[in-house]
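structure-v4.cif follows; it contains mmCIF, C-alpha atoms.
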```
data_run
#
loop_
_atom_site.label_atom_id
_atom_site.label_comp_id
_atom_site.auth_asym_id
_atom_site.auth_seq_id
_atom_site.Cartn_x
_atom_site.Cartn_y
_atom_site.Cartn_z
CA MET A 60 -26.71 34.41 -68.56
CA HIS A 61 -25.49 31.88 -66.03
CA THR A 62 -23.80 33.38 -62.97
CA ARG A 63 -21.35 31.41 -60.86
CA PHE A 64 -21.19 31.88 -57.11
CA LEU A 65 -17.99 31.18 -55.22
CA GLY A 66 -19.43 30.60 -51.76
CA THR A 67 -17.38 32.02 -48.88
CA GLY A 68 -19.07 30.88 -45.67
CA ILE A 69 -16.64 29.52 -43.12
CA LEU A 70 -18.71 26.34 -42.73
CA GLN A 71 -18.76 25.76 -46.48
CA ILE A 72 -15.01 26.26 -46.72
CA ALA A 73 -14.48 23.77 -43.89
CA ILE A 74 -16.78 21.19 -45.50
CA LEU A 75 -15.10 21.54 -48.87
CA PHE A 76 -11.69 21.28 -47.27
CA VAL A 77 -12.67 18.04 -45.55
CA LEU A 78 -14.11 16.70 -48.79
CA THR A 79 -10.86 17.54 -50.54
CA ILE A 80 -8.99 15.43 -48.02
CA MET A 81 -11.49 12.56 -47.99
CA ILE A 82 -12.21 12.05 -51.68
CA GLY A 83 -9.12 13.53 -53.23
CA TRP A 84 -6.30 12.58 -50.88
CA ASN A 85 -4.43 10.34 -53.27
CA ALA A 86 -5.03 12.56 -56.28
CA GLY A 87 -4.29 15.65 -54.23
CA CYS A 88 -1.01 14.29 -52.91
CA SER A 89 -0.02 13.20 -56.40
CA PHE A 90 -0.87 16.67 -57.71
CA ASN A 91 1.17 18.40 -55.01
CA ARG A 92 4.20 16.14 -55.51
CA GLN A 93 4.04 16.72 -59.24
CA ARG A 94 3.93 20.49 -58.78
CA GLN A 95 6.83 20.39 -56.35
CA ARG A 96 8.91 18.43 -58.85
CA LYS A 97 8.30 21.15 -61.40
CA ALA A 98 9.69 23.81 -59.07
CA LYS A 99 13.34 23.81 -60.12
CA PRO A 100 15.63 25.77 -57.75
CA VAL A 101 17.75 28.54 -59.19
CA PRO A 102 21.43 27.49 -59.53
CA GLN A 103 23.72 29.15 -57.00
CA PHE A 104 25.96 30.66 -59.65
CA VAL A 105 23.15 33.09 -60.53
CA LYS A 106 24.13 36.33 -58.79
CA LYS A 107 23.53 39.12 -61.30
CA VAL A 108 20.23 39.20 -63.22
CA ALA A 109 19.24 41.52 -66.04
CA VAL A 110 15.47 41.91 -65.65
CA VAL A 111 13.88 42.40 -69.05
CA GLY A 112 10.45 41.49 -67.70
CA PHE A 113 7.38 40.72 -69.78
CA ARG A 114 6.29 41.29 -73.34
CA SER A 115 2.86 40.69 -74.82
CA ALA A 116 2.94 37.52 -76.89
CA ARG A 117 0.34 38.90 -79.33
CA GLU A 118 0.44 42.28 -81.02
CA GLN A 119 -2.43 44.70 -80.43
CA GLY A 120 -5.11 44.23 -83.06
CA SER A 121 -4.27 40.59 -83.70
CA SER A 122 -6.77 37.79 -83.11
CA PRO A 123 -6.61 35.29 -80.24
CA ASP A 124 -4.75 32.15 -81.23
CA VAL A 125 -2.78 29.20 -79.88
CA ILE A 126 0.88 30.14 -80.08
CA ARG A 127 4.20 28.75 -78.90
CA SER A 128 6.69 30.45 -76.63
CA ALA A 129 9.69 31.80 -78.54
CA ILE A 130 11.90 30.49 -75.73
CA SER A 131 10.46 27.16 -74.57
CA GLY A 132 8.14 26.16 -77.39
CA GLY A 133 5.28 25.64 -74.92
CA ALA A 134 1.75 26.19 -76.30
CA PHE A 135 -0.61 28.83 -74.87
CA ASN A 136 -4.04 30.18 -75.68
CA ALA A 137 -2.97 33.77 -76.31
CA GLU A 138 -4.61 37.09 -77.01
CA PRO A 139 -3.35 40.70 -77.12
CA VAL A 140 -2.59 42.18 -73.70
CA PRO A 141 -2.65 45.97 -73.12
CA GLY A 142 0.79 47.53 -72.75
CA SER A 143 -0.23 49.07 -69.43
CA LYS A 144 -0.74 45.59 -67.97
CA VAL A 145 2.57 44.35 -69.36
CA ASP A 146 4.38 47.30 -67.78
CA TRP A 147 2.50 46.89 -64.50
CA LEU A 148 3.35 43.21 -64.16
CA THR A 149 7.01 43.85 -65.04
CA GLN A 150 7.19 46.47 -62.29
CA GLN A 151 5.52 44.10 -59.82
CA LEU A 152 8.11 41.49 -60.72
CA PHE A 153 11.02 43.87 -60.22
CA ASP A 154 9.66 45.19 -56.91
CA ARG A 155 9.38 41.66 -55.53
CA LEU A 156 12.90 40.77 -56.68
CA ILE A 157 14.23 43.82 -54.84
CA ARG A 158 12.44 42.71 -51.67
CA ILE A 159 13.89 39.18 -51.62
CA ASN A 160 17.36 40.78 -51.76
CA ARG A 161 19.08 37.80 -53.36
CA TYR A 162 20.31 39.13 -56.70
CA ASP A 163 22.32 42.00 -58.10
CA LEU A 164 19.67 43.41 -60.42
CA VAL A 165 19.72 45.30 -63.71
CA SER A 166 16.44 47.22 -63.91
CA PRO A 167 13.83 46.64 -66.63
CA SER A 168 14.32 50.19 -67.94
CA GLN A 169 18.05 49.56 -68.46
CA ALA A 170 17.55 46.12 -70.01
CA GLN A 171 14.69 47.23 -72.25
CA GLY A 172 16.76 50.17 -73.45
CA VAL A 173 19.32 47.73 -74.84
CA TYR A 174 16.49 45.57 -76.17
CA SER A 175 15.05 48.49 -78.17
CA THR A 176 18.47 49.41 -79.54
CA LEU A 177 19.11 45.86 -80.72
CA VAL A 178 15.68 45.50 -82.32
CA ASN A 179 15.99 48.80 -84.14
CA SER A 180 19.54 48.24 -85.35
CA GLN A 181 19.52 44.49 -86.04
CA SER A 182 16.00 43.37 -86.89
CA THR A 183 17.13 39.91 -88.06
CA LEU A 184 18.20 38.78 -84.58
CA SER A 185 16.11 36.07 -82.96
CA GLU A 186 14.45 36.72 -79.61
CA LEU A 187 16.87 34.42 -77.85
CA GLU A 188 19.91 36.09 -79.43
CA ILE A 189 18.64 39.50 -78.32
CA LEU A 190 18.25 38.28 -74.74
CA LYS A 191 21.75 36.78 -74.79
CA ARG A 192 23.21 40.07 -75.98
CA ILE A 193 21.37 41.99 -73.26
CA GLY A 194 22.89 39.72 -70.63
CA ASN A 195 26.37 40.11 -72.10
CA ALA A 196 25.98 43.90 -72.27
CA PHE A 197 25.56 44.01 -68.49
CA SER A 198 27.90 41.10 -67.67
CA ALA A 199 24.90 39.38 -66.10
CA ASP A 200 24.84 35.72 -65.11
CA THR A 201 21.30 35.41 -66.46
CA VAL A 202 18.52 37.38 -68.14
CA LEU A 203 14.99 37.20 -66.71
CA ALA A 204 12.32 37.52 -69.41
CA GLY A 205 8.91 36.15 -70.28
CA TYR A 206 5.67 36.60 -72.17
CA LEU A 207 2.21 37.63 -71.16
CA TYR A 208 -0.26 35.49 -73.12
CA ARG A 209 -3.63 36.33 -71.62
CA TRP A 210 -5.18 38.97 -69.37
CA ARG A 211 -8.93 38.47 -69.25
CA GLU A 212 -10.85 40.49 -66.69
CA ARG A 213 -13.65 38.94 -64.66
CA GLU A 214 -17.24 39.87 -65.44
CA GLY A 215 -19.03 40.16 -62.13
CA THR A 216 -18.30 40.88 -58.50
CA ASP A 217 -16.20 39.44 -55.69
CA TYR A 218 -18.83 36.78 -54.96
CA ALA A 219 -20.66 36.16 -58.25
CA VAL A 220 -19.33 36.17 -61.81
CA ARG A 221 -20.51 35.49 -65.32
CA THR A 222 -16.93 35.08 -66.58
CA PRO A 223 -13.95 34.56 -64.23
CA ALA A 224 -10.55 36.19 -64.60
CA SER A 225 -7.96 34.36 -66.69
CA VAL A 226 -4.23 35.10 -66.78
CA ALA A 227 -1.30 33.32 -68.44
CA TYR A 228 2.40 34.15 -68.50
CA ASP A 229 5.81 32.54 -68.27
CA LEU A 230 9.27 33.56 -67.05
CA TYR A 231 12.75 32.28 -67.92
CA LEU A 232 16.25 32.72 -66.54
CA ILE A 233 18.51 32.50 -69.58
CA ARG A 234 22.28 32.12 -69.53
CA PRO A 235 23.84 34.65 -71.95
CA SER A 236 26.85 32.50 -72.76
CA ASN A 237 24.88 29.78 -74.52
CA GLY A 238 21.17 30.62 -74.34
CA ALA A 239 20.40 27.78 -71.94
CA VAL A 240 17.30 28.10 -69.76
CA VAL A 241 18.45 27.49 -66.18
CA TRP A 242 15.03 28.11 -64.59
CA LYS A 243 11.50 28.56 -65.85
CA GLY A 244 8.15 29.33 -64.29
CA VAL A 245 4.68 29.19 -65.82
CA PHE A 246 1.35 30.54 -64.57
CA ASP A 247 -1.73 29.74 -66.67
CA VAL A 248 -4.93 29.92 -64.63
CA THR A 249 -8.59 30.60 -65.22
CA GLN A 250 -10.16 30.86 -61.79
CA LYS A 251 -12.72 28.21 -60.94
CA SER A 252 -15.08 27.74 -58.05
CA LEU A 253 -14.24 25.05 -55.51
CA SER A 254 -17.18 22.98 -56.71
CA GLU A 255 -15.64 22.96 -60.20
CA ASN A 256 -12.15 22.07 -59.05
CA LEU A 257 -11.44 21.06 -55.47
CA LEU A 258 -7.70 21.05 -56.17
CA GLU A 259 -7.74 24.84 -56.43
CA MET A 260 -8.06 25.24 -52.65
CA ASP A 261 -4.73 27.10 -52.51
CA THR A 262 -5.85 29.59 -55.17
CA PHE A 263 -9.15 30.02 -53.35
CA ILE A 264 -7.39 30.82 -50.07
CA GLU A 265 -4.78 33.12 -51.65
CA GLY A 266 -7.60 35.05 -53.31
CA GLY A 267 -9.32 35.63 -49.97
CA GLY A 268 -12.26 33.40 -50.90
CA LYS A 269 -13.34 35.75 -53.69
CA TRP A 270 -13.60 35.84 -57.44
CA MET A 271 -10.37 37.65 -58.20
CA THR A 272 -9.71 40.45 -60.63
CA ALA A 273 -7.11 39.74 -63.31
CA ASP A 274 -4.66 41.96 -61.38
CA ARG A 275 -5.08 39.93 -58.20
CA LEU A 276 -4.89 36.60 -60.02
CA ALA A 277 -1.66 37.71 -61.73
CA GLU A 278 -0.20 38.68 -58.34
CA VAL A 279 -1.02 35.25 -56.91
CA GLY A 280 0.94 33.64 -59.72
CA LEU A 281 3.81 36.08 -59.40
CA ASN A 282 4.11 35.42 -55.67
CA ARG A 283 4.43 31.70 -56.39
CA LEU A 284 7.15 32.20 -58.99
CA ILE A 285 9.05 34.65 -56.79
CA LYS A 286 9.05 32.03 -54.04
CA GLU A 287 10.80 29.66 -56.46
CA LEU A 288 13.25 32.37 -57.52
CA SER A 289 14.16 32.99 -53.89
CA THR A 290 14.96 29.31 -53.25
CA PRO A 291 18.63 28.50 -53.90
CA SER A 292 19.75 25.14 -55.21
CA ALA A 293 20.94 22.68 -52.58
CA SER A 294 23.92 21.80 -54.73
CA ARG A 295 26.57 24.31 -55.55
CA GLY A 296 26.50 25.28 -59.18
CA SER A 297 29.47 26.68 -61.04
CA LYS A 298 29.38 29.23 -63.76
CA PRO A 299 30.73 27.83 -67.04
#
```
Can the structure from this file be put into structure tokens for me?
Amino acid sequence: MHTRFLGTGILQIAILFVLTIMIGWNAGCSFNRQRQRKAKPVPQFVKKVAVVGFRSAREQGSSPDVIRSAISGGAFNAEPVPGSKVDWLTQQLFDRLIRINRYDLVSPSQAQGVYSTLVNSQSTLSELEILKRIGNAFSADTVLAGYLYRWREREGTDYAVRTPASVAYDLYLIRPSNGAVVWKGVFDVTQKSLSENLLEMDTFIEGGGKWMTADRLAEVGLNRLIKELSTPSASRGSKP
């Protein structure tokens, strides 16, 4: 079976970095500008956030499939994700939100308690309606929720793999009053070597020049989204 090597020598990193600048400057700049445009700041009216966290987009025992987000309609290659990973990523999300100290937070345990009650008592409610009711229950400005679509572990070691890690999830800040999405973030990455994709230099560096585990890859994505969540809008928003 073919094994991919990442290559971590300082000289090789320097050469690849120079090549990225020389042969991909225009494409690289275009890529970076495009990604920056996608990073929508959180409106300033968002003060209190009910953190529901993540749910697996596919039930255990179901087959991998292309599915659409119940909130945004975006398409993802999805497969069942163990509940332990869903819980772990939700806790990582909440811990990071506490550290940025920007929001008045409702914990995932509190929000998910209301979620379970609503699902058990009113099974006909849509996902969006449930999230709106959770926000209203806590008088929150927004609800933070998302789906975990893929959690594929690497097969190999830090420096050589047969199959790289692959992780996909999204997050949404939803206004309870009308169900509007005021911010969204998406992370959908299968790690590649620099020779396969020179534009992944930032992922390469954040991963310490190694083939990452799924846990580490998920953390890289979460750190990026938390950076967006900690950036206030330049214009003053007003709560409707």
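The residue set within 6 Å of Glu138 in chain A, counting all atoms listed in the file and dropping same-chain residues fewer than 4 places from it, reads Arg117, Pro123 and Arg209 of chain A.
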Exercise. Quick one, how far is CA of Val105 in chain A from CA of Ser185 in chain A?
Worked result: 23.7 Å
For this session: Please provide the set of residues having any atom within 10 Å of Asn136 in chain A, restricted to all atoms listed in the file, with same-chain residues fewer than 3 positions apart removed, written as a PyMOL selection string.
Result: chain A and resi 123-127+208-209+227+247
File of the preceding selection, C-alpha atoms, as an mmCIF file, keeping the file's coordinate frame:
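Printed below is again06.cif as written:
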```cif
data_model
loop_
_atom_site.group_PDB
_atom_site.id
_atom_site.type_symbol
_atom_site.label_atom_id
_atom_site.label_comp_id
_atom_site.auth_asym_id
_atom_site.auth_seq_id
_atom_site.Cartn_x
_atom_site.Cartn_y
_atom_site.Cartn_z
ATOM 1 C CA PRO A 123 -6.610 35.290 -80.240
ATOM 2 C CA ASP A 124 -4.750 32.150 -81.230
ATOM 3 C CA VAL A 125 -2.780 29.200 -79.880
ATOM 4 C CA ILE A 126 0.880 30.140 -80.080
ATOM 5 C CA ARG A 127 4.200 28.750 -78.900
ATOM 6 C CA TYR A 208 -0.260 35.490 -73.120
ATOM 7 C CA ARG A 209 -3.630 36.330 -71.620
ATOM 8 C CA ALA A 227 -1.300 33.320 -68.440
ATOM 9 C CA ASP A 247 -1.730 29.740 -66.670
#
```
Problem set entry | Who sits within 9 Å of Gly142 in chain A, all atoms listed in the file, same chain under 4 positions skipped, as a PyMOL selection string | chain A and resi 114-115+119+146-147
For this session: Decode the PyMOL selection byres ((chain A and resi 276) around 10) for the given file into explicit residues and return them as a PyMOL selection string.
Result: chain A and resi 210+212+224-227+246+248-250+262+265-266+270-275+277-281
For this session: Choose the residue, out of A:Thr216, A:Glu255, A:Val245, A:Glu287, that has the smallest atom-to-atom separation from Ala134 in chain A; count all atoms listed in the file.
Result: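 Distance minimum relative to Ala134 in chain A lands on A:Val245.
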For this session: Could you give me, as a ChimeraX atom specification, the residues that have an atom at most 10 Å away from the point (13.7, 45.8, -61.6) in the coordinates of the file, using all atoms listed in the file?
Result: /A:108-112,149-157,164-170
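As for CA of Asp163 in chain A and CA of Leu207 in chain A, they are spaced 24.4 Å apart.
The coordinates place CA of Val178 in chain A at 21.5 Å from CA of Asp229 in chain A.
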Seminar exercise, completed: Counting all atoms listed in the file, closest pick from A:Lys99, A:Lys191, A:Lys144, A:Arg158 relative to Asn237 in chain A is A:Lys191
Taking the structure I provided as the source, export range 260-272 of chain A with N, CA and C atoms, as a PDB file, in the first residue's frame.
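Listed below is the output, result.pdb:
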```
ATOM      1  N   MET A 260       0.021  25.472   3.377  1.00  0.00           N
ATOM      2  CA  MET A 260       1.166  25.803   4.218  1.00  0.00           C
ATOM      3  C   MET A 260       0.735  26.132   5.638  1.00  0.00           C
ATOM      4  N   ASP A 261      -0.394  26.868   5.801  1.00  0.00           N
ATOM      5  CA  ASP A 261      -0.826  27.251   7.147  1.00  0.00           C
ATOM      6  C   ASP A 261      -1.221  26.029   7.966  1.00  0.00           C
ATOM      7  N   THR A 262      -1.910  25.067   7.328  1.00  0.00           N
ATOM      8  CA  THR A 262      -2.269  23.830   8.031  1.00  0.00           C
ATOM      9  C   THR A 262      -1.023  23.037   8.399  1.00  0.00           C
ATOM     10  N   PHE A 263      -0.074  23.002   7.496  1.00  0.00           N
ATOM     11  CA  PHE A 263       1.196  22.314   7.735  1.00  0.00           C
ATOM     12  C   PHE A 263       1.899  22.885   8.962  1.00  0.00           C
ATOM     13  N   ILE A 264       1.979  24.215   9.035  1.00  0.00           N
ATOM     14  CA  ILE A 264       2.669  24.858  10.153  1.00  0.00           C
ATOM     15  C   ILE A 264       1.903  24.663  11.458  1.00  0.00           C
ATOM     16  N   GLU A 265       0.571  24.846  11.420  1.00  0.00           N
ATOM     17  CA  GLU A 265      -0.235  24.685  12.626  1.00  0.00           C
ATOM     18  C   GLU A 265      -0.161  23.261  13.171  1.00  0.00           C
ATOM     19  N   GLY A 266       0.055  22.302  12.279  1.00  0.00           N
ATOM     20  CA  GLY A 266       0.166  20.907  12.697  1.00  0.00           C
ATOM     21  C   GLY A 266       1.558  20.513  13.129  1.00  0.00           C
ATOM     22  N   GLY A 267       2.480  21.488  13.180  1.00  0.00           N
ATOM     23  CA  GLY A 267       3.835  21.197  13.620  1.00  0.00           C
ATOM     24  C   GLY A 267       4.640  20.425  12.598  1.00  0.00           C
ATOM     25  N   GLY A 268       4.240  20.492  11.317  1.00  0.00           N
ATOM     26  CA  GLY A 268       4.970  19.786  10.274  1.00  0.00           C
ATOM     27  C   GLY A 268       4.783  18.284  10.336  1.00  0.00           C
ATOM     28  N   LYS A 269       3.647  17.830  10.845  1.00  0.00           N
ATOM     29  CA  LYS A 269       3.397  16.401  11.001  1.00  0.00           C
ATOM     30  C   LYS A 269       2.074  16.013  10.358  1.00  0.00           C
ATOM     31  N   TRP A 270       1.923  14.721  10.137  1.00  0.00           N
ATOM     32  CA  TRP A 270       0.605  14.197   9.783  1.00  0.00           C
ATOM     33  C   TRP A 270      -0.216  14.174  11.066  1.00  0.00           C
ATOM     34  N   MET A 271      -1.260  14.942  11.103  1.00  0.00           N
ATOM     35  CA  MET A 271      -2.020  15.119  12.334  1.00  0.00           C
ATOM     36  C   MET A 271      -2.991  13.979  12.588  1.00  0.00           C
ATOM     37  N   THR A 272      -3.284  13.765  13.865  1.00  0.00           N
ATOM     38  CA  THR A 272      -4.396  12.904  14.235  1.00  0.00           C
ATOM     39  C   THR A 272      -5.695  13.663  13.947  1.00  0.00           C
TER      40      THR A 272
END
```
